[in-house]
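Read the structure below first, then the notes.
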Amino acid sequence: MIYLMIVPGLILYYIFRYVTMPGIMIAFQEFTTGGFKYWCGFENFDKLFGLRAFWQAFRNTWVFIGLEYLFIKPSPIILALLLNEVRIMWFKKTVQTLSTLPNFLTWVVVSGIFIQLLSPSTGYVNAIIALLGGERIYFLGQAQIFPWLLTVIRVWRGVGYSSIIYLAALGGVDPELYEAAVIDGASRWKQTMYVTLPGIKNTIVVLLVFSFSGIMGGLFEPVFTLTDGNSLLDETAMVLDVYIYNTGIRQGKFSMSTTTGLFNSIISTILMLSANFASKYLTEDGRTII
Amino acid sequence: MLKRSLGEKIFNIFNLLGMLIFTVIIVVPVLFVFRNSFELSETSTATLRLWPEQFSLVFYGMVIKDESVYRPLMNSVFVTIVGTPLTLLVNALGAYTMSKRELPGKNFFAYYMVIIPMLIGGGTIPGFLLIRALGMIDTLWAIIIPGLASGWNMTLIRNYYWSIPNELTESARIDGASEMTIFVKIILPLSKPVLSALGLLTGIGLWNTFYAAMIYIRTPSKWTFPVKIRETVVKNEGNDKLWEEMMIAAGLDPSELLINQAGLGGAMMVVSMLPILIVYPFLQKYFAGGIMVGSVKG
């Protein structure tokens with residue numbers, strides 16, 4: 001009887017996760033919209049690695065990953081540290097409440113908000129620029145600034161929500177440690193460096209390791225909703241996630257799309273396992289995360 | 001008590017100021033879209049005003065009257081209302097089996113539902129082929145059914161079940177209650193906090209569905225609301241001919257007025273945000289309870 005209760009879940013998982021697993025083999029097949037043609041070994045990989053468009057998407061993806069780990073990942077830690085210093089409780093709560101909200105909006109709406117906000121003719125940002133006597137800028141038409149723009153928007157959407165877990169970790173730091181630091185004459189800055197940050201180090205490492213499993217993904221919705229297939233932006237905006245969608249769903253090149261996807265997940269898996277291994281040297285108890 | 005140095009006081013002031021500016025940056029873009037949705041004429045779109053000059057509900061009228069907007073909206077309502085309780089049901093049931101520590105094979109469930117699917121996945125195309133083989137392409141079921149069962153959600157609910165004192169279920173068992181009765185009469189009512197939190201998150205996720213709809217749905221009348229929003233925000237602006245037709249349909253005189261072309265997209269985005277703004281205070285409550293901390297990972 002008790003086993004019966006999990007059966008719907010097991011069946012759904014079987015159909016939607018396990019039945020599709022062998023589908024990975026499409027990467028080693030000639031597989032068109034009509035179905036399976038023949039096995040072709042690593043031919044698809046050869047073909048993929050010979051494509052300029054693929055390498056462009058690959059490079060762009062890594063630019064976004066770089067920006068993510070330089071700016072997007074640290075931003076909630078900084079916000080949490082600064083919020084933690086705010087002693088006016090209602091103010092702290094208000095900032096937290098408002099900044100968490102954008103995370104729950106769909107990327108379509110987030111992008112839509114910024115498309116309207118940055119519009120050259122009717123947008124708020126350009127109204128400010130014009131008021132200050134500057135030239136109106138078509139922000140979303142310039143490939144060079146797109147990665148930076150997307151980074152700002154991703155921070156805007158996620159920083160509040162991601163900071164929740166760090167604030168929780170900050171709350172868990174032993175108050176006695178602060179008292180001891182104060183008695184030793186440590187300033188607020190010193191307290192932050194020597195008590196607060198070490199106190200939340202484990203949380204940071206755990207989240208970092210887990211983040212690698214999805215490192216190559218998560219870019220489809222932000223990029224796709226913001227660029228709308230604007231080929232002017234492809235130079236910097238075409239990422240592997242969008243490339244997989246375009247080749248597979250739009251153009252029906254099932255083999256190439258799956259090959260790209262497999263390539264993606266191999267890299268993510270390697271990165272996550274390495275990060276997990278490296279975490280041994282970063283955590284206090286010297287054990288790996290997973 | 002603590003004596004604050006001058007440096008600390010200066011830091012506090014700048015910190016508060018910084019947080020204030022940060023909050024303004026978070027809030028103003030959203031307010032701007034609200035203004036756009038109520039602003040009829042184009043004349044005030046270039047100002048810094050955050051309230052409309054020519055207040056109008058005409059764009060909200062368009063959302064309701066225009067079949068091509070209204071249908072996707074209703075599709076998203078359907079997906080959310082049907083998908084959320086089904087998701088909760090499947091996962092709450094499964095979590096109960098997983099919560100039995102003494103049951104043989106309980107490790108199997110963790111591997112089967114969480115670890116293996118995390119390591120190996122078919123990807124976009126195999127998923128698409130499966131949905132096609134099941135005949136679910138171009139149906140809303142393609143959005144609801146594949147995501148129903150979730151190992152993460154089951155684990156989260158199971159952890160909550162574990163926090164329910166054993167005595168409560170033991171006494172019922174002694175009285176001869178079946179497992180199903182215990183589940184329905186005791187476990188479910190006690191699990192309201194975790195189920196509400198997950199229900200809200202699931203509902204928001206379904207309401208926001210975009211990627212799945214882009215893959216599985218072809219016909220515009222079957223789109224989810226976000227797909228339609230994207231099309232409107234990007235494509236309607238600057239398309240003067242289309243706007244003339246829409247204005248006439250809405251009973252406005254195109255020769256008299258330069259209509260605010262960001263208005264319809266703005267109104268649609270506000271409609272999309274409203275349910276989230278409404279449930280948000282409830283969601284907030286659960287952050288404080290710490291229930292969600294485990295789920296923040298994703």
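Note on naming: chains are A, B, ... as they come in the structure tokens, residues start from 1 per chain, ligands start from 1 in the order shown.
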message: For segment 158-166 of chain A, find every residue with an atom within 7 Å (counting only C-alpha atoms), except residues of its own chain fewer than 3 positions away, and show them as a ChimeraX atom specification.
response: /A:75-77,79-80,96,99-100,103,154-155,169-170 /B:293
message: If DSSP is run on the backbone, what residues of segment 18-83 of chain A are strand (DSSP E or B)? A reply as a PyMOL selection string would be ideal.
response: chain A and resi 29-32+35-39
With N, CA and C atoms retained, write the just-selected residues as a PDB file, in the first residue's frame.
```
ATOM      1  N   GLN A  29      24.160   9.641 -34.241  1.00  0.00           N
ATOM      2  CA  GLN A  29      23.373   9.142 -35.358  1.00  0.00           C
ATOM      3  C   GLN A  29      23.102  10.255 -36.357  1.00  0.00           C
ATOM      4  N   GLU A  30      22.824   9.843 -37.584  1.00  0.00           N
ATOM      5  CA  GLU A  30      22.219  10.775 -38.514  1.00  0.00           C
ATOM      6  C   GLU A  30      20.731  10.670 -38.241  1.00  0.00           C
ATOM      7  N   PHE A  31      20.150  11.729 -37.675  1.00  0.00           N
ATOM      8  CA  PHE A  31      18.763  11.680 -37.218  1.00  0.00           C
ATOM      9  C   PHE A  31      18.073  12.953 -37.701  1.00  0.00           C
ATOM     10  N   THR A  32      17.159  12.815 -38.613  1.00  0.00           N
ATOM     11  CA  THR A  32      16.490  13.999 -39.163  1.00  0.00           C
ATOM     12  C   THR A  32      15.076  14.104 -38.612  1.00  0.00           C
ATOM     13  N   GLY A  35      13.275  10.987 -38.655  1.00  0.00           N
ATOM     14  CA  GLY A  35      13.620   9.916 -37.742  1.00  0.00           C
ATOM     15  C   GLY A  35      15.035   9.412 -37.962  1.00  0.00           C
ATOM     16  N   PHE A  36      15.334   8.221 -37.382  1.00  0.00           N
ATOM     17  CA  PHE A  36      16.672   7.646 -37.420  1.00  0.00           C
ATOM     18  C   PHE A  36      17.074   7.256 -38.841  1.00  0.00           C
ATOM     19  N   LYS A  37      18.286   7.655 -39.275  1.00  0.00           N
ATOM     20  CA  LYS A  37      18.781   7.243 -40.591  1.00  0.00           C
ATOM     21  C   LYS A  37      19.871   6.171 -40.442  1.00  0.00           C
ATOM     22  N   TYR A  38      21.005   6.535 -39.852  1.00  0.00           N
ATOM     23  CA  TYR A  38      22.073   5.548 -39.636  1.00  0.00           C
ATOM     24  C   TYR A  38      23.016   6.038 -38.548  1.00  0.00           C
ATOM     25  N   TRP A  39      23.826   5.098 -38.028  1.00  0.00           N
ATOM     26  CA  TRP A  39      24.837   5.468 -37.040  1.00  0.00           C
ATOM     27  C   TRP A  39      26.011   6.130 -37.752  1.00  0.00           C
TER      28      TRP A  39
END
```
- request: Using only C-alpha atoms, determine which residues lie at most 12 Å from Ile164 of chain B, disregarding the query and same-chain residues fewer than 5 positions distant; provide the list as a PyMOL selection string.
  value: chain B and resi 96+99+157-159+169-170+183+186-192+194
message: Taking 3 positions as the minimum chain separation for residues in the same chain, which residues sit within 8 Å of Met1 of chain A when counting only C-alpha atoms? Answer as a list of chain:residue names.
response: A:Leu4, A:Met5, B:Glu179
- request: Run DSSP on the backbone and grab whatever in segment 35-145 of chain B lands in alpha helix (DSSP H); send it over as a ChimeraX atom specification.
  value: /B:35-38,58-65,67-98,106-110,116-119,124-133,141-144
task: To one decimal in Å, tell me the separation between atom CA of Arg157 of chain A and atom CA of Val110 of chain A.
output: 7.5 Å
- request: Mind giving me the straight-line distance from atom CA of Thr87 of chain B to atom CA of Met180 of chain B in Å, one decimal?
  value: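 Going from atom CA of Thr87 of chain B over to atom CA of Met180 of chain B, I get 18.4 Å.
Between atom CA of Ile143 of chain B and atom CA of Thr209 of chain B there is a distance of 7.8 Å.
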All residues 12 Å or closer to Leu31 of chain B, only C-alpha atoms, same chain fewer than 2 positions away omitted, as an MDAnalysis selection string: (chainID A and resid 113:114 116:117 124) or (chainID B and resid 24:29 33:38 48:52 266:267 269:270 273)
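Using only C-alpha atoms, the nearest neighbour of chain A within the list B:Gly135, B:Pro226, B:Gly18, B:Pro220 is B:Pro226.
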